[in-house]
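structure16.cif follows; it contains mmCIF, C-alpha atoms.
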```cif
data_start
#
loop_
_atom_site.label_atom_id
_atom_site.label_comp_id
_atom_site.auth_asym_id
_atom_site.auth_seq_id
_atom_site.Cartn_x
_atom_site.Cartn_y
_atom_site.Cartn_z
CA MET A 957 -24.77 62.82 17.61
CA GLU A 958 -25.85 65.55 19.97
CA GLU A 959 -29.13 64.62 21.61
CA LEU A 960 -32.26 66.48 20.60
CA PRO A 961 -33.85 68.77 23.20
CA GLN A 962 -36.47 67.23 25.45
CA LEU A 963 -40.01 68.41 24.68
CA ASP A 964 -42.73 69.17 27.22
CA GLY A 965 -45.86 68.02 25.40
CA VAL A 966 -44.51 65.85 22.59
CA THR A 967 -43.16 62.33 22.94
CA ASN A 968 -41.13 60.03 20.68
CA PHE A 969 -39.25 63.00 19.16
CA ARG A 970 -36.15 61.83 17.32
CA GLU A 971 -34.33 62.09 14.02
CA LEU A 972 -33.32 59.73 11.24
CA GLY A 973 -29.91 61.33 10.81
CA GLY A 974 -26.69 59.34 11.12
CA LEU A 975 -27.88 55.98 9.82
CA ARG A 976 -25.46 54.53 7.27
CA THR A 977 -26.49 53.35 3.81
CA ARG A 978 -25.13 50.37 1.91
CA ASP A 979 -22.92 52.65 -0.22
CA GLY A 980 -21.24 54.16 2.86
CA ARG A 981 -23.15 57.45 3.00
CA ARG A 982 -25.19 58.64 5.98
CA VAL A 983 -28.62 60.15 6.45
CA ARG A 984 -28.26 63.90 7.01
CA THR A 985 -28.38 65.00 10.62
CA ARG A 986 -30.77 67.65 11.94
CA ALA A 987 -32.81 67.42 8.75
CA LEU A 988 -35.46 64.70 9.04
CA PHE A 989 -37.42 64.30 12.28
CA ARG A 990 -40.28 62.13 13.58
CA SER A 991 -42.48 62.35 16.66
CA SER A 992 -45.92 62.00 18.18
CA HIS A 993 -48.53 64.68 17.48
CA TRP A 994 -47.98 68.34 18.44
CA GLY A 995 -51.50 69.03 19.71
CA ARG A 996 -50.21 69.31 23.30
CA ALA A 997 -46.95 71.06 22.44
CA SER A 998 -45.86 73.84 24.79
CA ASP A 999 -44.67 77.28 23.70
CA ALA A 1000 -41.12 76.08 24.41
CA ASP A 1001 -41.68 73.04 22.17
CA VAL A 1002 -42.80 75.27 19.32
CA GLY A 1003 -39.70 77.40 19.88
CA ILE A 1004 -37.47 74.33 19.58
CA GLN A 1005 -39.25 73.37 16.37
CA ALA A 1006 -38.35 76.81 14.98
CA GLN A 1007 -34.75 76.60 16.22
CA LEU A 1008 -34.26 73.31 14.39
CA GLY A 1009 -35.31 74.96 11.14
CA ILE A 1010 -38.20 72.61 10.44
CA GLY A 1011 -40.02 73.97 7.40
CA VAL A 1012 -42.67 71.34 6.73
CA VAL A 1013 -44.70 68.97 8.92
CA LEU A 1014 -46.32 65.87 7.40
CA ASP A 1015 -49.24 64.70 9.55
CA PHE A 1016 -50.56 61.14 9.12
CA ARG A 1017 -53.44 61.59 11.59
CA SER A 1018 -57.06 61.18 10.60
CA ALA A 1019 -59.70 63.86 11.21
CA HIS A 1020 -60.90 61.78 14.18
CA ASP A 1021 -57.39 61.78 15.65
CA ILE A 1022 -57.17 65.55 15.33
CA ASP A 1023 -60.58 65.98 16.97
CA LEU A 1024 -59.32 63.98 19.96
CA GLU A 1025 -55.79 65.38 20.17
CA GLY A 1026 -56.03 68.87 18.73
CA PRO A 1027 -54.34 70.35 15.68
CA ASP A 1028 -50.58 70.66 15.65
CA ARG A 1029 -49.03 73.72 17.24
CA LEU A 1030 -46.52 74.88 14.67
CA ALA A 1031 -43.95 77.65 14.42
CA PRO A 1032 -44.81 80.58 12.14
CA GLY A 1033 -44.26 79.81 8.47
CA VAL A 1034 -44.18 76.03 8.85
CA GLU A 1035 -46.16 74.26 6.11
CA CYS A 1036 -48.49 71.44 7.22
CA ILE A 1037 -49.22 68.58 4.80
CA ALA A 1038 -52.19 66.37 5.75
CA LEU A 1039 -51.77 62.68 4.88
CA PRO A 1040 -54.73 61.12 6.74
CA THR A 1041 -54.16 57.44 7.43
CA GLY A 1042 -55.94 54.93 9.65
CA ASP A 1043 -54.14 53.97 12.86
CA PRO A 1044 -53.36 50.22 13.34
CA ALA A 1045 -53.44 50.76 17.12
CA SER A 1046 -56.92 52.29 17.26
CA ALA A 1047 -59.11 49.31 16.46
CA ASN A 1048 -62.63 49.59 17.80
CA ASP A 1049 -61.70 53.13 18.83
CA VAL A 1050 -59.49 51.84 21.63
CA ARG A 1051 -59.02 55.34 23.03
CA THR A 1052 -62.75 55.58 23.71
CA LEU A 1053 -62.70 52.13 25.30
CA ILE A 1054 -59.77 53.17 27.49
CA LYS A 1055 -61.55 56.31 28.66
CA GLU A 1056 -64.64 54.25 29.51
CA GLY A 1057 -62.37 52.00 31.58
CA ASN A 1058 -64.33 48.78 30.94
CA LEU A 1059 -61.65 46.16 31.44
CA GLU A 1060 -64.01 43.31 30.56
CA THR A 1061 -64.66 44.82 27.13
CA LEU A 1062 -60.96 45.51 26.61
CA HIS A 1063 -60.11 41.92 27.52
CA GLU A 1064 -62.63 40.75 24.93
CA HIS A 1065 -60.93 42.84 22.26
CA PHE A 1066 -57.28 42.52 23.24
CA GLY A 1067 -56.83 39.64 25.70
CA GLY A 1068 -54.60 36.66 24.98
CA ASP A 1069 -52.68 37.13 21.73
CA ARG A 1070 -55.44 39.22 20.13
CA ALA A 1071 -53.63 42.53 20.62
CA HIS A 1072 -50.44 41.20 18.99
CA ALA A 1073 -52.42 39.64 16.14
CA TYR A 1074 -54.34 42.84 15.56
CA MET A 1075 -51.18 44.92 15.38
CA ARG A 1076 -49.58 42.53 12.90
CA GLN A 1077 -52.70 42.54 10.73
CA GLY A 1078 -52.97 46.31 10.98
CA ALA A 1079 -49.32 46.79 10.00
CA ALA A 1080 -49.90 44.71 6.86
CA ALA A 1081 -53.22 46.32 5.97
CA MET A 1082 -51.78 49.80 6.35
CA VAL A 1083 -49.26 49.07 3.59
CA LYS A 1084 -51.77 47.53 1.19
CA GLU A 1085 -54.69 49.88 1.78
CA ARG A 1086 -53.11 53.29 2.42
CA ASN A 1087 -50.24 53.45 -0.02
CA ASP A 1088 -51.68 56.81 -1.19
CA SER A 1089 -50.58 58.45 2.06
CA PHE A 1090 -47.08 56.98 1.97
CA ALA A 1091 -46.80 57.85 -1.73
CA GLY A 1092 -47.57 61.48 -0.91
CA PHE A 1093 -45.04 61.37 1.92
CA LEU A 1094 -42.11 60.12 -0.16
CA GLN A 1095 -43.01 62.26 -3.17
CA HIS A 1096 -43.03 65.37 -0.99
CA LEU A 1097 -39.65 64.52 0.53
CA ALA A 1098 -38.34 64.02 -3.01
CA LYS A 1099 -39.07 67.61 -4.02
CA PRO A 1100 -35.81 69.40 -4.88
CA ASP A 1101 -36.56 72.32 -2.55
CA CYS A 1102 -37.90 70.31 0.42
CA PRO A 1103 -36.78 71.95 3.69
CA ALA A 1104 -35.99 70.18 6.95
CA ALA A 1105 -39.04 68.03 7.64
CA LEU A 1106 -40.92 66.55 10.58
CA PHE A 1107 -43.45 63.75 10.16
CA HIS A 1108 -45.74 62.25 12.76
CA CYS A 1109 -48.97 60.42 13.52
CA SER A 1110 -50.57 60.21 16.98
CA ALA A 1111 -47.93 58.25 18.89
CA GLY A 1112 -45.21 58.50 16.25
CA LYS A 1113 -44.59 54.75 16.19
CA ASP A 1114 -46.95 52.93 13.80
CA ARG A 1115 -47.90 55.10 10.82
CA ALA A 1116 -44.82 57.28 11.34
CA GLY A 1117 -42.87 54.08 11.94
CA TRP A 1118 -43.70 52.70 8.50
CA ALA A 1119 -43.07 56.12 6.94
CA ALA A 1120 -39.60 56.17 8.52
CA SER A 1121 -38.95 52.63 7.34
CA CYS A 1122 -40.00 53.58 3.81
CA VAL A 1123 -37.69 56.57 3.51
CA LEU A 1124 -34.77 54.73 5.10
CA ILE A 1125 -35.16 51.72 2.80
CA ALA A 1126 -35.52 54.00 -0.22
CA LEU A 1127 -32.30 55.78 0.81
CA GLY A 1128 -30.42 52.49 0.95
CA VAL A 1129 -30.24 51.75 4.70
CA GLU A 1130 -29.93 48.03 5.51
CA LEU A 1131 -33.16 46.34 6.63
CA ASP A 1132 -31.67 45.28 9.98
CA ASP A 1133 -30.79 48.91 10.74
CA VAL A 1134 -34.24 50.06 9.58
CA ILE A 1135 -35.91 47.67 12.02
CA ASP A 1136 -33.53 48.68 14.81
CA HIS A 1137 -34.53 52.31 14.22
CA TYR A 1138 -38.21 51.30 14.29
CA LEU A 1139 -37.75 49.59 17.66
CA VAL A 1140 -36.31 52.71 19.32
CA SER A 1141 -39.91 53.85 19.86
CA ASN A 1142 -40.04 51.35 22.73
CA ASP A 1143 -37.60 53.64 24.57
CA THR A 1144 -38.85 57.03 23.39
CA TYR A 1145 -42.67 56.77 23.28
CA ASP A 1146 -44.43 57.60 26.54
CA PRO A 1147 -48.22 56.97 26.48
CA PHE A 1148 -48.59 58.43 29.97
CA LYS A 1149 -46.95 61.73 28.96
CA GLN A 1150 -49.28 61.90 26.00
CA GLY A 1151 -52.34 61.31 28.15
CA VAL A 1152 -53.37 58.10 26.37
CA TRP A 1153 -54.01 56.39 29.69
CA SER A 1154 -53.27 56.79 33.36
CA ASP A 1155 -50.43 54.92 35.05
CA LYS A 1156 -52.81 54.23 37.95
CA ASN A 1157 -54.21 51.12 36.25
CA ALA A 1158 -51.45 48.55 35.93
CA GLU A 1159 -53.81 45.90 34.56
CA LEU A 1160 -54.90 48.20 31.75
CA ALA A 1161 -51.31 49.11 30.88
CA ALA A 1162 -50.29 45.44 30.78
CA LEU A 1163 -53.29 44.48 28.64
CA LEU A 1164 -52.62 47.20 26.08
CA GLU A 1165 -48.83 46.88 26.10
CA PRO A 1166 -48.79 45.32 22.59
CA LEU A 1167 -50.54 48.44 21.28
CA ALA A 1168 -48.21 50.84 23.11
CA LYS A 1169 -45.03 49.07 22.02
CA VAL A 1170 -43.56 48.10 18.67
CA ARG A 1171 -42.27 44.64 17.81
CA PRO A 1172 -40.00 43.37 15.04
CA GLU A 1173 -42.88 41.26 13.74
CA TYR A 1174 -44.96 44.40 13.14
CA ALA A 1175 -42.29 45.87 10.86
CA GLU A 1176 -41.78 42.46 9.26
CA ALA A 1177 -45.53 42.22 8.57
CA SER A 1178 -45.44 45.56 6.75
CA ILE A 1179 -42.41 44.55 4.68
CA ALA A 1180 -43.96 41.17 3.85
CA ALA A 1181 -47.20 42.83 2.77
CA ALA A 1182 -45.35 45.17 0.40
CA CYS A 1183 -43.44 42.25 -1.13
CA GLU A 1184 -46.54 40.07 -1.38
CA GLU A 1185 -48.55 42.77 -3.13
CA TRP A 1186 -45.85 44.24 -5.40
CA GLY A 1187 -43.18 41.52 -5.66
CA ASP A 1188 -40.35 43.24 -3.80
CA LEU A 1189 -39.62 46.56 -2.11
CA ASP A 1190 -38.24 48.22 -5.22
CA HIS A 1191 -41.49 47.48 -7.06
CA TYR A 1192 -43.45 48.66 -4.02
CA PHE A 1193 -41.74 52.04 -4.23
CA ARG A 1194 -42.06 52.27 -8.01
CA ASP A 1195 -45.49 50.74 -8.65
CA GLY A 1196 -47.19 51.08 -5.28
CA LEU A 1197 -45.95 54.53 -4.29
CA GLY A 1198 -45.17 56.03 -7.69
CA LEU A 1199 -41.57 56.81 -6.76
CA THR A 1200 -39.70 57.14 -10.06
CA ASP A 1201 -35.98 56.57 -10.42
CA ALA A 1202 -35.53 60.35 -10.72
CA MET A 1203 -37.53 60.94 -7.51
CA ARG A 1204 -35.54 58.31 -5.65
CA GLU A 1205 -32.28 59.89 -6.75
CA GLN A 1206 -33.56 63.31 -5.64
CA LEU A 1207 -34.54 61.74 -2.31
CA ARG A 1208 -30.92 60.68 -1.87
CA ARG A 1209 -29.64 64.12 -2.85
CA ASN A 1210 -31.99 65.73 -0.33
CA TRP A 1211 -31.37 63.54 2.68
CA LEU A 1212 -27.95 61.88 2.40
CA GLU A 1213 -24.52 63.30 3.11
CA GLY A 1214 -21.02 62.05 2.48
#
```
Could you take the file, read its structure, and then write that structure out as structure tokens?
Amino acid sequence: MEELPQLDGVTNFRELGGLRTRDGRRVRTRALFRSSHWGRASDADVGIQAQLGIGVVLDFRSAHDIDLEGPDRLAPGVECIALPTGDPASANDVRTLIKEGNLETLHEHFGGDRAHAYMRQGAAAMVKERNDSFAGFLQHLAKPDCPAALFHCSAGKDRAGWAASCVLIALGVELDDVIDHYLVSNDTYDPFKQGVWSDKNAELAALLEPLAKVRPEYAEASIAAACEEWGDLDHYFRDGLGLTDAMREQLRRNWLEG
């Protein structure tokens, strides 16, 4: 596929298009996008958003996130759907701790394997405790008239990562390919570009690396939580997220080609 344009103030901008489903179809290209927040988007970024024909933005950030990062800068006429969801990577308000720069406190919270463990626990809790947000996400994408859509959280890797996994699984993409797509954030998310922390402190960056990266075990923890709570992923979609058979079929009509 042709690469997406590079953005000035937005990181982790990519699409779901091109992934193959088990029945041989593919996710539509230039139709379903994901990214970090657009609070620092440049005028040129907003212009690219318009050029791509994005008609709706689904924002998983909390009110606290928006206070810190700013509201999205959107092209005229773009609808914004708020789906506030807690961030697994913001335990103990890590962004405040980072700004304070107290490495001793950060080591207490995230040293050793504590950062990895927290992210795994957060990935599981997000599925069990905030299924309302992901239900709203999938149900909106299943509307017959849904336009090209962009969804995001703060970094575009955790909450948006599970959202992407949900829609891809619901469309019939193999789990291995879903997780591979999830892991691409390790190449496309730039915390320095987003102003999360400065690259001047190598110790800080190394300490918080498990929060800035994604791991297969994070995605696996989310999938395991859905199966543990609802029996399997099909029941998670149906009973946990309220995705009826008719909605799931409409989801396929909206976002698959071939």
I want to know what sits within 9 Å of region 1117-1120 of chain A, based on only C-alpha atoms, with residues of the same chain fewer than 5 positions away left out; could you give that as a PyMOL selection string? chain A and resi 972+990+1079+1082-1083+1090+1093-1094+1107-1109+1112+1125+1134+1137-1139+1141+1175+1178
Once the PyMOL selection byres ((chain A and resi 1019) around 12) has been evaluated on this model, what residues remain selected, and can you format them as a PDB file with C-alpha atoms, in the frame of the given file?
```pdb
ATOM      1  CA  ASP A1015     -49.240  64.700   9.550  1.00  0.00           C
ATOM      2  CA  PHE A1016     -50.560  61.140   9.120  1.00  0.00           C
ATOM      3  CA  ARG A1017     -53.440  61.590  11.590  1.00  0.00           C
ATOM      4  CA  SER A1018     -57.060  61.180  10.600  1.00  0.00           C
ATOM      5  CA  HIS A1020     -60.900  61.780  14.180  1.00  0.00           C
ATOM      6  CA  ASP A1021     -57.390  61.780  15.650  1.00  0.00           C
ATOM      7  CA  ILE A1022     -57.170  65.550  15.330  1.00  0.00           C
ATOM      8  CA  ASP A1023     -60.580  65.980  16.970  1.00  0.00           C
ATOM      9  CA  LEU A1024     -59.320  63.980  19.960  1.00  0.00           C
ATOM     10  CA  GLU A1025     -55.790  65.380  20.170  1.00  0.00           C
ATOM     11  CA  GLY A1026     -56.030  68.870  18.730  1.00  0.00           C
ATOM     12  CA  PRO A1027     -54.340  70.350  15.680  1.00  0.00           C
ATOM     13  CA  ALA A1038     -52.190  66.370   5.750  1.00  0.00           C
ATOM     14  CA  LEU A1039     -51.770  62.680   4.880  1.00  0.00           C
ATOM     15  CA  PRO A1040     -54.730  61.120   6.740  1.00  0.00           C
ATOM     16  CA  THR A1041     -54.160  57.440   7.430  1.00  0.00           C
ATOM     17  CA  GLY A1042     -55.940  54.930   9.650  1.00  0.00           C
ATOM     18  CA  ASP A1043     -54.140  53.970  12.860  1.00  0.00           C
ATOM     19  CA  CYS A1109     -48.970  60.420  13.520  1.00  0.00           C
ATOM     20  CA  SER A1110     -50.570  60.210  16.980  1.00  0.00           C
TER      21      SER A1110
END
```
Have a look at CA of Val1034 (chain A) and CA of Asn1087 (chain A) and let me know their distance in Å, one decimal. 25.0 Å
Please list as a PyMOL selection string every residue within 12 Å of Gly1068 (chain A), counting all atoms listed in the file and excluding residues in the same chain fewer than 4 positions away. chain A and resi 1062-1064+1072-1074+1162-1166
Which residues are close to Met1203 (chain A), i.e. within 12 Å by all atoms listed in the file, leaving aside same-chain residues fewer than 6 positions away? Reply as a PyMOL selection string. chain A and resi 1091+1094-1100+1123+1126-1127+1193-1194+1197+1209-1210
